[in-house]
Amino acid sequence: MTQFLNKLKQDILNKIKDANNLKTIDEIYRAYLGRKGELTKVLRSIKDMPEKERIKTGKLANQVKKEIEEVINAKKSKLQTISSQLPDKEQIDVTIPGLKVPRGHLHPITLVQREVEEIFQSMGFSILDGPEVETAHYHFDALNIPKDHPARDVWDTFWLKDFDLLLRAQTSPMQVRYMEKNNPPLRIIVPGRCFRRDATDSTHDFQFHQFEGLMVGEDISTANFKAIVEEFFKRFFSSSDIQTRLRPSYFPFVEPGFEVDVKRKGNDWLEIMGAGMVHPNVFKAVGYNLKDWQGFAFGAGIERLAMIKYQIDDIRLFFNSDLRFLKQF
Ligand code: FA5
């Protein structure tokens, strides 16, 4: 019996040593020290043994039981400490794939603006940025729109109360700012945001983007303007049979003035830009000698270009942040 008990003790100790979770420890306890456990059975049988045997085996069996209980308790508390430091949900599974951070992408208006810039850059134009808040001088007076001129009403927009400042309704003031500081020959493009008190509809918003174009030299003519915008449309729409038309129009800062329309899929025309030959009064305002220089200017709507290119029938889709729309670009 002594031999049997020593062997049993060794087996139990080995199992406890190998156990690496609380559930296994409980199973070991039940298997040996539970009500029907192996060691419990031995302890129960002691009372029926002959006296000599009973004393010897009883002493050993109780020692084994005490020792096993101590080792089990020690192991249990060790495992409890480990598991409290590492709760189940934080256990690391190195096989789980990493979390994907969804990447955004450029807004369609930014994409179109960059495309416009690239095309004009390849034709020798420089790209400039201008202020979104303008003075009345650059926005009106220097553009041949004096205070009492009815054309002020068209661009009379959001004023900053008590200051002579307004949110620009067009990118044209940058013509003046640039020519004041630079002499011809020059070719520039100025993309940027504009603001108007226009009622919104499918082709008008109160906030939109334009790009201003300006080319001045000794003999820059309407023919040059036509050639450059037609080349631009051809490249922008990747098509040589895009239909455009030039209509006479009026802007105080050009003479003569035009508007350029592009034919849409549904066969109607959409106005894309205002344009014309720079008015002598604008050259005067920036200090150019009228006899030396002539040139053309234009202001085109970036949303309108994007609408034709991507067949979008409502301009308001660009800024209502609907991801179903934006994800298509
Ligand atoms: C102008 O703003 C002139 N500064 C253009 C110009 C520049 C003429 C240089 C001559 C020389 P207009 O108001 O037509 O013109 O606007 C030009 C373009 O901006 C329009 O053809 C259209 O494409 C776009 N646009 C104007 N208003 C809005 C609006 N509310 N929403 C969206 N696009 C608009």
# chains A, B, ... in the order shown; residues from 1 in each chain; ligands from 1
>>> residues_around(residues="Ser45 (chain A)", least_positions_apart="3", cutoff="12 Å", atoms="only C-alpha atoms", output="JSON, numbers by chain")
{"A": [1, 38, 39, 40, 41, 42, 48, 49, 50, 53, 54, 57, 58, 61]}
>>> select_by_dssp(residues="region 38-215 of chain A", states="alpha helix (DSSP H)", output="PyMOL selection string")
chain A and resi 38-45+51-85+108-122+136-139+151-155+173-181
>>> closest_residue(among="A:Asp322, A:Asp314, A:Asp241, A:Asp198", to="ligand 1", atoms="only C-alpha atoms and all ligand atoms")
A:Asp198
>>> closest_residue(among="A:Ile82, A:Ile127, A:Leu290, A:Ala275", to="Arg114 (chain A)", atoms="only C-alpha atoms")
A:Ile127
>>> closest_atom_pairs(of="region 245-294 of chain A", to="region 156-178 of chain A", cutoff="8 Å", atoms="only C-alpha atoms", output="CSV")
residue,atom,partner,partner_atom,distance
A:Val282,CA,A:Val176,CA,7.4
A:Ala285,CA,A:Val176,CA,7.8
A:Val286,CA,A:Val176,CA,6.4
>>> write_last_selection(atoms="N, CA, C and O atoms", output="PDB file, in the first residue's frame")
ATOM      1  N   VAL A 282      -8.908  98.112 -67.120  1.00  0.00           N
ATOM      2  CA  VAL A 282      -8.232  97.207 -66.180  1.00  0.00           C
ATOM      3  C   VAL A 282      -6.719  97.379 -66.338  1.00  0.00           C
ATOM      4  O   VAL A 282      -5.972  97.468 -65.344  1.00  0.00           O
ATOM      5  N   ALA A 285      -5.782 100.459 -64.602  1.00  0.00           N
ATOM      6  CA  ALA A 285      -5.784 100.317 -63.131  1.00  0.00           C
ATOM      7  C   ALA A 285      -4.503  99.663 -62.610  1.00  0.00           C
ATOM      8  O   ALA A 285      -4.094  99.907 -61.480  1.00  0.00           O
ATOM      9  N   VAL A 286      -3.875  98.816 -63.443  1.00  0.00           N
ATOM     10  CA  VAL A 286      -2.651  98.150 -62.958  1.00  0.00           C
ATOM     11  C   VAL A 286      -1.388  98.859 -63.472  1.00  0.00           C
ATOM     12  O   VAL A 286      -0.268  98.409 -63.211  1.00  0.00           O
TER      13      VAL A 286
END
>>> residues_around(residues="Ile228 (chain A)", least_positions_apart="5", cutoff="10 Å", atoms="only C-alpha atoms", output="list in words")
Phe120, Met123, Thr222, Ala223, Phe233 and Lys234 of chain A
>>> write_last_selection(atoms="all heavy atoms", output="CSV table (one decimal), in the first residue's frame")
chain,number,residue,atom,x,y,z
A,120,PHE,N,-3.3,73.2,-68.2
A,120,PHE,CA,-2.8,74.5,-68.5
A,120,PHE,C,-1.3,74.7,-68.2
A,120,PHE,O,-0.6,75.4,-68.9
A,120,PHE,CB,-3.6,75.5,-67.7
A,120,PHE,CG,-4.9,75.9,-68.3
A,120,PHE,CD1,-6.1,75.3,-68.0
A,120,PHE,CD2,-4.9,76.8,-69.4
A,120,PHE,CE1,-7.3,75.6,-68.6
A,120,PHE,CE2,-6.1,77.1,-70.1
A,120,PHE,CZ,-7.3,76.5,-69.7
A,123,MET,N,0.6,73.9,-71.1
A,123,MET,CA,0.5,74.9,-72.2
A,123,MET,C,1.2,76.2,-71.7
A,123,MET,O,1.0,77.3,-72.2
A,123,MET,CB,-0.9,75.3,-72.5
A,123,MET,CG,-1.7,74.1,-73.2
A,123,MET,SD,-3.2,74.5,-74.0
A,123,MET,CE,-4.4,74.6,-72.7
A,222,THR,N,-8.3,87.2,-79.8
A,222,THR,CA,-9.4,86.3,-79.6
A,222,THR,C,-9.1,84.9,-80.2
A,222,THR,O,-9.6,83.9,-79.7
A,222,THR,CB,-10.7,86.9,-80.2
A,222,THR,OG1,-10.8,88.2,-79.8
A,222,THR,CG2,-11.9,86.1,-79.8
A,223,ALA,N,-8.4,84.9,-81.3
A,223,ALA,CA,-8.0,83.6,-82.0
A,223,ALA,C,-7.2,82.8,-81.0
A,223,ALA,O,-7.4,81.6,-80.9
A,223,ALA,CB,-7.3,83.9,-83.3
A,233,PHE,N,-10.5,71.9,-73.7
A,233,PHE,CA,-11.7,71.1,-73.7
A,233,PHE,C,-11.4,69.7,-74.3
A,233,PHE,O,-11.8,68.7,-73.8
A,233,PHE,CB,-12.9,71.7,-74.4
A,233,PHE,CG,-13.5,72.8,-73.7
A,233,PHE,CD1,-13.9,74.0,-74.3
A,233,PHE,CD2,-13.8,72.7,-72.3
A,233,PHE,CE1,-14.5,75.0,-73.6
A,233,PHE,CE2,-14.4,73.7,-71.6
A,233,PHE,CZ,-14.8,74.9,-72.2
A,234,LYS,N,-10.6,69.7,-75.4
A,234,LYS,CA,-10.3,68.4,-76.1
A,234,LYS,C,-9.6,67.5,-75.1
A,234,LYS,O,-9.9,66.3,-75.0
A,234,LYS,CB,-9.4,68.8,-77.2
A,234,LYS,CG,-9.8,68.1,-78.5
A,234,LYS,CD,-8.7,68.1,-79.6
A,234,LYS,CE,-8.7,69.4,-80.4
A,234,LYS,NZ,-7.5,69.5,-81.3
>>> closest_residue(among="A:His137, A:Ile25, A:Leu106, A:Leu143", to="Ser77 (chain A)", atoms="only C-alpha atoms")
A:Ile25
>>> select_by_dssp(residues="region 37-163 of chain A", states="strand (DSSP E)", output="list in words")
Ser126, Ile127, Val133, Glu134, Thr135, Trp159 and Leu160 of chain A
>>> decode(residues="region 228-271 of chain A", atoms="N, CA and C atoms", output="mmCIF file, in the first residue's frame")
data_model
loop_
_atom_site.group_PDB
_atom_site.id
_atom_site.type_symbol
_atom_site.label_atom_id
_atom_site.label_comp_id
_atom_site.auth_asym_id
_atom_site.auth_seq_id
_atom_site.Cartn_x
_atom_site.Cartn_y
_atom_site.Cartn_z
ATOM 1 N N ILE A 228 -6.817 78.122 -77.376
ATOM 2 C CA ILE A 228 -6.430 77.569 -76.073
ATOM 3 C C ILE A 228 -7.607 76.892 -75.375
ATOM 4 N N VAL A 229 -8.795 77.521 -75.374
ATOM 5 C CA VAL A 229 -9.920 76.845 -74.682
ATOM 6 C C VAL A 229 -10.343 75.579 -75.424
ATOM 7 N N GLU A 230 -10.270 75.624 -76.757
ATOM 8 C CA GLU A 230 -10.654 74.401 -77.491
ATOM 9 C C GLU A 230 -9.675 73.267 -77.206
ATOM 10 N N GLU A 231 -8.402 73.597 -77.114
ATOM 11 C CA GLU A 231 -7.391 72.583 -76.796
ATOM 12 C C GLU A 231 -7.625 72.041 -75.367
ATOM 13 N N PHE A 232 -7.958 72.988 -74.483
ATOM 14 C CA PHE A 232 -8.238 72.570 -73.107
ATOM 15 C C PHE A 232 -9.407 71.582 -73.063
ATOM 16 N N PHE A 233 -10.526 71.932 -73.721
ATOM 17 C CA PHE A 233 -11.713 71.053 -73.694
ATOM 18 C C PHE A 233 -11.402 69.686 -74.304
ATOM 19 N N LYS A 234 -10.644 69.701 -75.388
ATOM 20 C CA LYS A 234 -10.292 68.445 -76.052
ATOM 21 C C LYS A 234 -9.567 67.523 -75.079
ATOM 22 N N ARG A 235 -8.588 68.101 -74.356
ATOM 23 C CA ARG A 235 -7.801 67.274 -73.440
ATOM 24 C C ARG A 235 -8.608 66.916 -72.193
ATOM 25 N N PHE A 236 -9.364 67.869 -71.678
ATOM 26 C CA PHE A 236 -10.107 67.611 -70.442
ATOM 27 C C PHE A 236 -11.163 66.532 -70.640
ATOM 28 N N PHE A 237 -11.854 66.580 -71.764
ATOM 29 C CA PHE A 237 -12.910 65.581 -72.005
ATOM 30 C C PHE A 237 -12.387 64.379 -72.783
ATOM 31 N N SER A 238 -11.059 64.343 -73.029
ATOM 32 C CA SER A 238 -10.420 63.266 -73.805
ATOM 33 C C SER A 238 -11.219 62.961 -75.067
ATOM 34 N N SER A 239 -11.633 64.010 -75.774
ATOM 35 C CA SER A 239 -12.430 63.775 -76.976
ATOM 36 C C SER A 239 -12.263 64.964 -77.922
ATOM 37 N N SER A 240 -12.100 64.668 -79.199
ATOM 38 C CA SER A 240 -11.917 65.781 -80.138
ATOM 39 C C SER A 240 -13.269 66.239 -80.684
ATOM 40 N N ASP A 241 -14.346 65.454 -80.421
ATOM 41 C CA ASP A 241 -15.618 65.951 -80.932
ATOM 42 C C ASP A 241 -16.556 66.507 -79.848
ATOM 43 N N ILE A 242 -15.924 67.110 -78.815
ATOM 44 C CA ILE A 242 -16.734 67.800 -77.815
ATOM 45 C C ILE A 242 -17.227 69.119 -78.435
ATOM 46 N N GLN A 243 -18.534 69.402 -78.294
ATOM 47 C CA GLN A 243 -19.089 70.593 -78.959
ATOM 48 C C GLN A 243 -19.132 71.791 -78.021
ATOM 49 N N THR A 244 -18.545 72.894 -78.462
ATOM 50 C CA THR A 244 -18.560 74.123 -77.658
ATOM 51 C C THR A 244 -19.132 75.255 -78.500
ATOM 52 N N ARG A 245 -19.631 76.297 -77.831
ATOM 53 C CA ARG A 245 -20.059 77.468 -78.598
ATOM 54 C C ARG A 245 -19.703 78.750 -77.832
ATOM 55 N N LEU A 246 -19.395 79.771 -78.602
ATOM 56 C CA LEU A 246 -19.001 81.059 -78.050
ATOM 57 C C LEU A 246 -20.154 82.015 -78.287
ATOM 58 N N ARG A 247 -20.673 82.614 -77.197
ATOM 59 C CA ARG A 247 -21.773 83.575 -77.353
ATOM 60 C C ARG A 247 -21.295 84.939 -76.924
ATOM 61 N N PRO A 248 -21.736 86.023 -77.594
ATOM 62 C CA PRO A 248 -21.369 87.352 -77.116
ATOM 63 C C PRO A 248 -22.005 87.588 -75.752
ATOM 64 N N SER A 249 -21.284 88.258 -74.867
ATOM 65 C CA SER A 249 -21.831 88.524 -73.547
ATOM 66 C C SER A 249 -21.207 89.802 -73.007
ATOM 67 N N TYR A 250 -21.610 90.175 -71.808
ATOM 68 C CA TYR A 250 -21.080 91.423 -71.248
ATOM 69 C C TYR A 250 -20.495 91.223 -69.852
ATOM 70 N N PHE A 251 -19.251 91.645 -69.703
ATOM 71 C CA PHE A 251 -18.618 91.761 -68.381
ATOM 72 C C PHE A 251 -17.863 93.086 -68.406
ATOM 73 N N PRO A 252 -17.968 93.913 -67.384
ATOM 74 C CA PRO A 252 -17.362 95.254 -67.421
ATOM 75 C C PRO A 252 -15.846 95.239 -67.621
ATOM 76 N N PHE A 253 -15.200 94.121 -67.262
ATOM 77 C CA PHE A 253 -13.727 94.094 -67.312
ATOM 78 C C PHE A 253 -13.170 93.503 -68.600
ATOM 79 N N VAL A 254 -14.050 93.253 -69.583
ATOM 80 C CA VAL A 254 -13.572 92.782 -70.899
ATOM 81 C C VAL A 254 -14.301 93.544 -72.012
ATOM 82 N N GLU A 255 -13.671 93.558 -73.176
ATOM 83 C CA GLU A 255 -14.318 94.150 -74.344
ATOM 84 C C GLU A 255 -13.620 93.632 -75.605
ATOM 85 N N PRO A 256 -14.222 92.838 -76.452
ATOM 86 C CA PRO A 256 -15.572 92.278 -76.318
ATOM 87 C C PRO A 256 -15.607 91.143 -75.288
ATOM 88 N N GLY A 257 -16.857 90.774 -74.894
ATOM 89 C CA GLY A 257 -17.004 89.691 -73.917
ATOM 90 C C GLY A 257 -17.760 88.504 -74.516
ATOM 91 N N PHE A 258 -17.473 87.319 -73.979
ATOM 92 C CA PHE A 258 -18.172 86.110 -74.457
ATOM 93 C C PHE A 258 -18.581 85.229 -73.292
ATOM 94 N N GLU A 259 -19.405 84.262 -73.655
ATOM 95 C CA GLU A 259 -19.641 83.143 -72.748
ATOM 96 C C GLU A 259 -19.425 81.873 -73.545
ATOM 97 N N VAL A 260 -18.867 80.862 -72.887
ATOM 98 C CA VAL A 260 -18.586 79.609 -73.585
ATOM 99 C C VAL A 260 -19.463 78.515 -72.995
ATOM 100 N N ASP A 261 -20.198 77.826 -73.854
ATOM 101 C CA ASP A 261 -21.064 76.726 -73.411
ATOM 102 C C ASP A 261 -20.520 75.396 -73.963
ATOM 103 N N VAL A 262 -20.830 74.322 -73.249
ATOM 104 C CA VAL A 262 -20.446 72.985 -73.723
ATOM 105 C C VAL A 262 -21.721 72.147 -73.808
ATOM 106 N N LYS A 263 -21.802 71.327 -74.864
ATOM 107 C CA LYS A 263 -23.007 70.515 -75.060
ATOM 108 C C LYS A 263 -23.004 69.325 -74.111
ATOM 109 N N ARG A 264 -24.124 69.107 -73.443
ATOM 110 C CA ARG A 264 -24.249 67.986 -72.512
ATOM 111 C C ARG A 264 -24.840 66.774 -73.204
ATOM 112 N N LYS A 265 -24.804 65.633 -72.509
ATOM 113 C CA LYS A 265 -25.325 64.372 -73.052
ATOM 114 C C LYS A 265 -26.773 64.504 -73.538
ATOM 115 N N GLY A 266 -27.612 65.157 -72.717
ATOM 116 C CA GLY A 266 -29.031 65.280 -73.065
ATOM 117 C C GLY A 266 -29.299 66.284 -74.176
ATOM 118 N N ASN A 267 -28.212 66.777 -74.829
ATOM 119 C CA ASN A 267 -28.312 67.685 -75.964
ATOM 120 C C ASN A 267 -28.570 69.147 -75.602
ATOM 121 N N ASP A 268 -28.540 69.489 -74.287
ATOM 122 C CA ASP A 268 -28.675 70.906 -73.957
ATOM 123 C C ASP A 268 -27.280 71.492 -73.705
ATOM 124 N N TRP A 269 -27.204 72.827 -73.669
ATOM 125 C CA TRP A 269 -25.916 73.501 -73.487
ATOM 126 C C TRP A 269 -25.768 73.927 -72.032
ATOM 127 N N LEU A 270 -24.558 73.793 -71.479
ATOM 128 C CA LEU A 270 -24.307 74.269 -70.122
ATOM 129 C C LEU A 270 -23.217 75.335 -70.176
ATOM 130 N N GLU A 271 -23.518 76.497 -69.568
ATOM 131 C CA GLU A 271 -22.526 77.574 -69.578
ATOM 132 C C GLU A 271 -21.363 77.205 -68.672
#
